[in-house]
Amino acid sequence: MDIYDGHIPTFEEISYMETKYESSGFEDTWEDEFGAVYTYDQHKLIKGVNTKHYIVNPRTFVICDNAFESCDKLEEVVLPESLYKIGKRTFFQCTALKTIVFPESLIEIGDYAFSCCINIERIVLPCFLKSIGKYSFDCCSQMRHIDILSYIEELEEGIFYNCESLLEVSLPYTIKRIEANVFNGCSSLTEVDLQSATYIGENAFTGMSSLKTLTIPSSVQVVRGNPFGKLSSKKCTFINECDVIIIEKDIVYSNDKKTIISCLSDDKEIKVKDGVVCIGPDSFSCRESLQSIILPPSIKYIEEYAFYNCCHLESINFSDGVLIIGTGGFQNCTSLNNICLPSTILAIGDGLFSGCCNLTSITLPKFLTKLEKSVFEGCIKLREVIIPDYLITVGNKAFKDCRLLEKLTLPETIRDIGDFAFAGCYNLEYIEISQYMKHIGKYSIDINTYIIVPSNAIHIFKEKMPHFSKRIFDKSGYEQMLINEEENEGKGFIDYSDISLDDERY
């Protein structure tokens with residue numbers, strides 16, 4: 001099969017062609033009069049040209065990955081009737097591209113193929129198209145109409161992500177899977193017919209602020225994460241015909257009502273009903289109206305980013321019983337002031353309170369053994385932290401840029417302080433650690449901070465940490481140093497630019 005003869009190739013035939021040319025390494029190439037580079041037989045376009053108009057060679061089957069990437073002068077490209085495949089990032093950031101007509105022969109469009117083509121207004125996807133890659137048309141900000149004529153069964157992740165001008169999209173009846181972020185950010189789209197979809201991915205409809213009605217068909221068998229994002233029942237009518245979720249009083253539950261999938265309410269205070277075991281991932285994220293949340297004793301798990309970016313959330317009423325809070329659970333909740341976490345918590349995720357810039361104090365649960373990375377990073381008003389007696393590890397950047405933190409006594413159980421753990425804690429006067437410390441990460445302690453250790457361990461720490469030798473004291477020595485400082489009007493200074501404290505120094 002040397003040239004297109006009306007035969008629509010299979011994926012196996014395309015794969016064979018790709019293997020053939022990959023093994024040759026494109027050693028034999030041909031360049032056209034405009035400077036575009038092809039394989040010698042012109043079946044593959046390897047590198048396009050940055051010109052206003054371009055006509056692809058009529059013998060071409062495949063346009064390779066990145067072929068026209070960032071060709072910002074390209075306004076129109078004419079594709080041949082022989083074309084089977086458009087590769088990954090092929091037209092990525094072709095910001096002037098306005099017109100693209102896909103031939104009937106086209107079978108595959110690769111990931112990010114037309115991402116950030118901000119001037120394309122309409123596309124018609126042809127009948128024999130079998131695969132559309134992830135984020136293939138994301139951030140096409142002027143795209144208004146999409147017609148899918150093919151009988152594809154899956155919309156890959158983020159295909160139309162942030163197509164903010166999209167007014168109309170017609171999906172074929174064959175659609176079964178709508179993956180994550182497919183319509184995320186399509187803020188002008190007022191309706192979408194899910195046909196007979198069986199799977200809906202997380203954030204599939206997030207940011208669809210103009211959506212008037214959303215019907216979840218009876219065919220849906222799986223709802224992953226929170227597909228609805230910030231959608232509100234005040235602006236959008238939700239019609240649920242499936243059995244896998246239950247919508248009750250603007251809360252979306254799993255079918256057993258033990259997990260909250262999404263919140264559709266704009267209420268300032270929400271009381272979670274008893275019997276709910278899990279607050280699902282992203283379920284309340286970006287709820288700007290939410291000021292107070294009351295959790296029942298039945299809650300065991302708060303999953304990742306559950307309350308992410310709830311910027312007006314001031315009060316969290318926990319009950320004992322919570323076991324795990326996931327990554328970023330309260331990240332960027334900028335109105336939180338003080339928190340007492342339940343004593344039953346056994347683990348907390350990375351960045352749990354990262355960016356909570358008004359948090360001033362927190363009591364950590366008594367059985368907690370590890371502070372994950374960035375758990376309090378950027379809590380610029382945090383002054384007081386009650387550290388539990390069994391803590392073993394302080395993760396990387398755990399308290400980074402906690403500028404008002406002044407004193408911290410770490411329990412004898414502490415064995416590991418991660419990289420940059422207390423970097424940027426300009427007002428942290430001292431850290432008190434035990435003689436059993438095993439590892440102190442690089443740049444973990446700020447230049448202005450002193451290290452207080454037991455009297456019988458001073459020589460050990462000074463030997464292991466020579467760059468800190470002038471800042472290591474026992475309690476009585478620290479007190480005497482303060483007296484001396486008052487007399488001498490100032491602290492000493494250590495050049496910290498090349499210090500890297502890790503296990504190699506022990």
# chains A, B, ... in the order shown; residues from 1 in each chain; ligands from 1
$ select_by_dssp --residues "stretch 118-251 of chain A" --states "strand (DSSP E or B)" --output "JSON, numbers by chain"
{"A": [122, 123, 124, 125, 131, 132, 145, 146, 147, 148, 154, 155, 168, 169, 170, 177, 178, 199, 200, 213, 214, 215, 216, 222, 223, 237, 238, 239, 240, 245, 246, 247, 248, 251]}
$ write_last_selection --atoms "N, CA, C and O atoms" --output "tab-separated table (two decimals), in the first residue's frame"
chain	number	residue	atom	x	y	z
A	122	ARG	N	-14.20	26.61	14.45
A	122	ARG	CA	-15.11	25.47	14.24
A	122	ARG	C	-14.32	24.27	13.72
A	122	ARG	O	-13.39	24.44	12.91
A	123	ILE	N	-14.69	23.08	14.19
A	123	ILE	CA	-14.10	21.86	13.65
A	123	ILE	C	-15.21	20.84	13.40
A	123	ILE	O	-16.23	20.81	14.10
A	124	VAL	N	-15.00	20.03	12.36
A	124	VAL	CA	-15.87	18.90	12.07
A	124	VAL	C	-14.98	17.67	12.06
A	124	VAL	O	-14.06	17.55	11.24
A	125	LEU	N	-15.23	16.77	12.99
A	125	LEU	CA	-14.42	15.55	13.11
A	125	LEU	C	-15.05	14.46	12.25
A	125	LEU	O	-16.23	14.14	12.42
A	131	SER	N	-9.88	7.74	17.24
A	131	SER	CA	-9.20	8.13	18.47
A	131	SER	C	-8.88	9.63	18.45
A	131	SER	O	-8.28	10.13	17.49
A	132	ILE	N	-9.28	10.31	19.53
A	132	ILE	CA	-8.94	11.73	19.72
A	132	ILE	C	-8.14	11.81	21.01
A	132	ILE	O	-8.64	11.46	22.08
A	145	HIS	N	-17.97	25.95	17.76
A	145	HIS	CA	-18.80	24.81	17.33
A	145	HIS	C	-17.92	23.59	17.09
A	145	HIS	O	-16.87	23.68	16.45
A	146	ILE	N	-18.40	22.43	17.57
A	146	ILE	CA	-17.70	21.17	17.35
A	146	ILE	C	-18.73	20.13	16.91
A	146	ILE	O	-19.72	19.89	17.61
A	147	ASP	N	-18.50	19.56	15.75
A	147	ASP	CA	-19.36	18.49	15.24
A	147	ASP	C	-18.54	17.21	15.20
A	147	ASP	O	-17.51	17.14	14.52
A	148	ILE	N	-19.01	16.20	15.91
A	148	ILE	CA	-18.34	14.90	15.91
A	148	ILE	C	-19.19	13.94	15.10
A	148	ILE	O	-20.24	13.49	15.56
A	154	GLU	N	-15.20	7.09	23.18
A	154	GLU	CA	-14.55	7.70	24.33
A	154	GLU	C	-14.08	9.11	24.02
A	154	GLU	O	-13.46	9.35	22.98
A	155	LEU	N	-14.39	10.04	24.92
A	155	LEU	CA	-13.80	11.37	24.87
A	155	LEU	C	-12.67	11.38	25.89
A	155	LEU	O	-12.90	11.32	27.09
A	168	GLU	N	-21.61	25.11	21.16
A	168	GLU	CA	-22.36	23.93	20.73
A	168	GLU	C	-21.41	22.77	20.48
A	168	GLU	O	-20.37	22.93	19.84
A	169	VAL	N	-21.77	21.60	21.00
A	169	VAL	CA	-21.03	20.38	20.69
A	169	VAL	C	-22.03	19.25	20.53
A	169	VAL	O	-22.94	19.08	21.34
A	170	SER	N	-21.88	18.53	19.44
A	170	SER	CA	-22.79	17.41	19.19
A	170	SER	C	-22.03	16.11	19.37
A	170	SER	O	-21.04	15.85	18.69
A	177	ARG	N	-17.65	6.74	27.31
A	177	ARG	CA	-16.79	7.27	28.38
A	177	ARG	C	-16.52	8.76	28.16
A	177	ARG	O	-16.05	9.16	27.09
A	178	ILE	N	-16.79	9.53	29.19
A	178	ILE	CA	-16.43	10.95	29.22
A	178	ILE	C	-15.38	11.09	30.32
A	178	ILE	O	-15.70	11.03	31.51
A	199	TYR	N	-19.65	6.17	31.75
A	199	TYR	CA	-18.57	6.58	32.65
A	199	TYR	C	-18.42	8.10	32.57
A	199	TYR	O	-18.35	8.68	31.48
A	200	ILE	N	-18.33	8.75	33.75
A	200	ILE	CA	-18.08	10.20	33.80
A	200	ILE	C	-16.89	10.43	34.74
A	200	ILE	O	-16.90	10.01	35.90
A	213	THR	N	-29.03	23.03	32.18
A	213	THR	CA	-29.58	21.74	32.58
A	213	THR	C	-28.55	20.65	32.34
A	213	THR	O	-27.86	20.65	31.32
A	214	LEU	N	-28.45	19.73	33.30
A	214	LEU	CA	-27.56	18.59	33.13
A	214	LEU	C	-28.32	17.33	33.52
A	214	LEU	O	-28.76	17.18	34.67
A	215	THR	N	-28.46	16.45	32.56
A	215	THR	CA	-29.13	15.18	32.80
A	215	THR	C	-28.10	14.06	32.85
A	215	THR	O	-27.32	13.89	31.91
A	216	ILE	N	-28.10	13.35	33.96
A	216	ILE	CA	-27.23	12.18	34.09
A	216	ILE	C	-28.06	10.97	33.67
A	216	ILE	O	-28.98	10.56	34.37
A	222	VAL	N	-20.52	4.50	36.32
A	222	VAL	CA	-19.39	4.94	37.13
A	222	VAL	C	-19.31	6.46	37.10
A	222	VAL	O	-19.35	7.08	36.03
A	223	VAL	N	-19.23	7.06	38.30
A	223	VAL	CA	-18.96	8.50	38.43
A	223	VAL	C	-17.67	8.61	39.23
A	223	VAL	O	-17.62	8.23	40.40
A	237	THR	N	-30.17	23.12	36.52
A	237	THR	CA	-31.10	22.07	36.94
A	237	THR	C	-30.45	20.71	36.72
A	237	THR	O	-30.01	20.41	35.61
A	238	PHE	N	-30.42	19.91	37.78
A	238	PHE	CA	-29.81	18.58	37.70
A	238	PHE	C	-30.91	17.53	37.66
A	238	PHE	O	-31.78	17.49	38.52
A	239	ILE	N	-30.84	16.69	36.64
A	239	ILE	CA	-31.80	15.59	36.50
A	239	ILE	C	-31.00	14.29	36.55
A	239	ILE	O	-30.21	14.01	35.65
A	240	ASN	N	-31.19	13.55	37.62
A	240	ASN	CA	-30.43	12.31	37.79
A	240	ASN	C	-31.31	11.10	37.48
A	240	ASN	O	-32.31	10.85	38.14
A	245	ILE	N	-25.50	7.38	41.76
A	245	ILE	CA	-25.45	8.55	42.65
A	245	ILE	C	-26.85	8.91	43.11
A	245	ILE	O	-27.84	8.53	42.49
A	246	ILE	N	-26.89	9.64	44.22
A	246	ILE	CA	-28.15	10.15	44.75
A	246	ILE	C	-27.97	11.64	45.00
A	246	ILE	O	-26.97	12.06	45.61
A	247	ILE	N	-28.88	12.46	44.51
A	247	ILE	CA	-28.84	13.90	44.77
A	247	ILE	C	-29.96	14.23	45.76
A	247	ILE	O	-31.14	14.00	45.47
A	248	GLU	N	-29.55	14.74	46.90
A	248	GLU	CA	-30.51	15.02	47.97
A	248	GLU	C	-30.13	16.32	48.67
A	248	GLU	O	-29.03	16.45	49.19
A	251	ILE	N	-26.80	17.94	47.76
A	251	ILE	CA	-25.59	17.17	48.01
A	251	ILE	C	-25.65	15.90	47.15
A	251	ILE	O	-26.68	15.23	47.11
$ closest_residue --among "A:Asn448, A:Tyr430, A:Arg224, A:Leu368" --to "A:Asp474" --atoms "only C-alpha atoms"
A:Tyr430
$ residues_around --residues "stretch 40-56 of chain A" --least-positions-apart "3" --cutoff "9 Å" --atoms "only C-alpha atoms" --output "MDAnalysis selection string"
chainID A and resid 2:3 21 26:31 34:37 59:80 83 96:97
$ atom_distance --atom1 "atom CA of A:Glu384" --atom2 "atom CA of A:Gln331"
18.4 Å
$ closest_residue --among "A:Asn255, A:Pro454, A:Ile380, A:Gly441" --to "A:Gly477" --atoms "only C-alpha atoms"
A:Pro454
$ residues_around --residues "A:Pro388" --least-positions-apart "5" --cutoff "10 Å" --atoms "only C-alpha atoms" --output "list in words"
Ser343, Thr363, Leu364, Pro365, Lys366, Phe367, Leu368, Thr369, Lys370, Leu410, Pro411 and Thr413 of chain A
$ atom_distance --atom1 "atom CA of A:Leu428" --atom2 "atom CA of A:Ile362"
16.5 Å
$ atom_distance --atom1 "atom CA of A:Lys176" --atom2 "atom CA of A:Ser136"
18.7 Å
$ residues_around --residues "stretch 391-395 of chain A" --least-positions-apart "4" --cutoff "12 Å" --atoms "only C-alpha atoms" --output "ChimeraX atom specification"
/A:346-351,364-377,386-387,399-400,409-422,433-434,436-442,444-445
$ closest_residue --among "A:Ser115, A:Thr39, A:Thr259, A:Gln291" --to "A:Glu303" --atoms "only C-alpha atoms"
A:Thr259
$ closest_residue --among "A:Ser455, A:Ser476, A:Thr360, A:Ser196" --to "A:Leu171" --atoms "only C-alpha atoms"
A:Ser196
$ closest_residue --among "A:Phe114, A:Tyr161, A:Tyr450, A:Tyr443" --to "A:Lys407" --atoms "only C-alpha atoms"
A:Tyr450
$ residues_around --residues "A:Arg403" --least-positions-apart "3" --cutoff "8 Å" --atoms "only C-alpha atoms" --output "ChimeraX atom specification"
/A:379-382,424-428
$ residues_around --residues "A:Ile107" --least-positions-apart "6" --cutoff "7 Å" --atoms "only C-alpha atoms" --output "number ranges by chain"
A: 84-85, 128-131
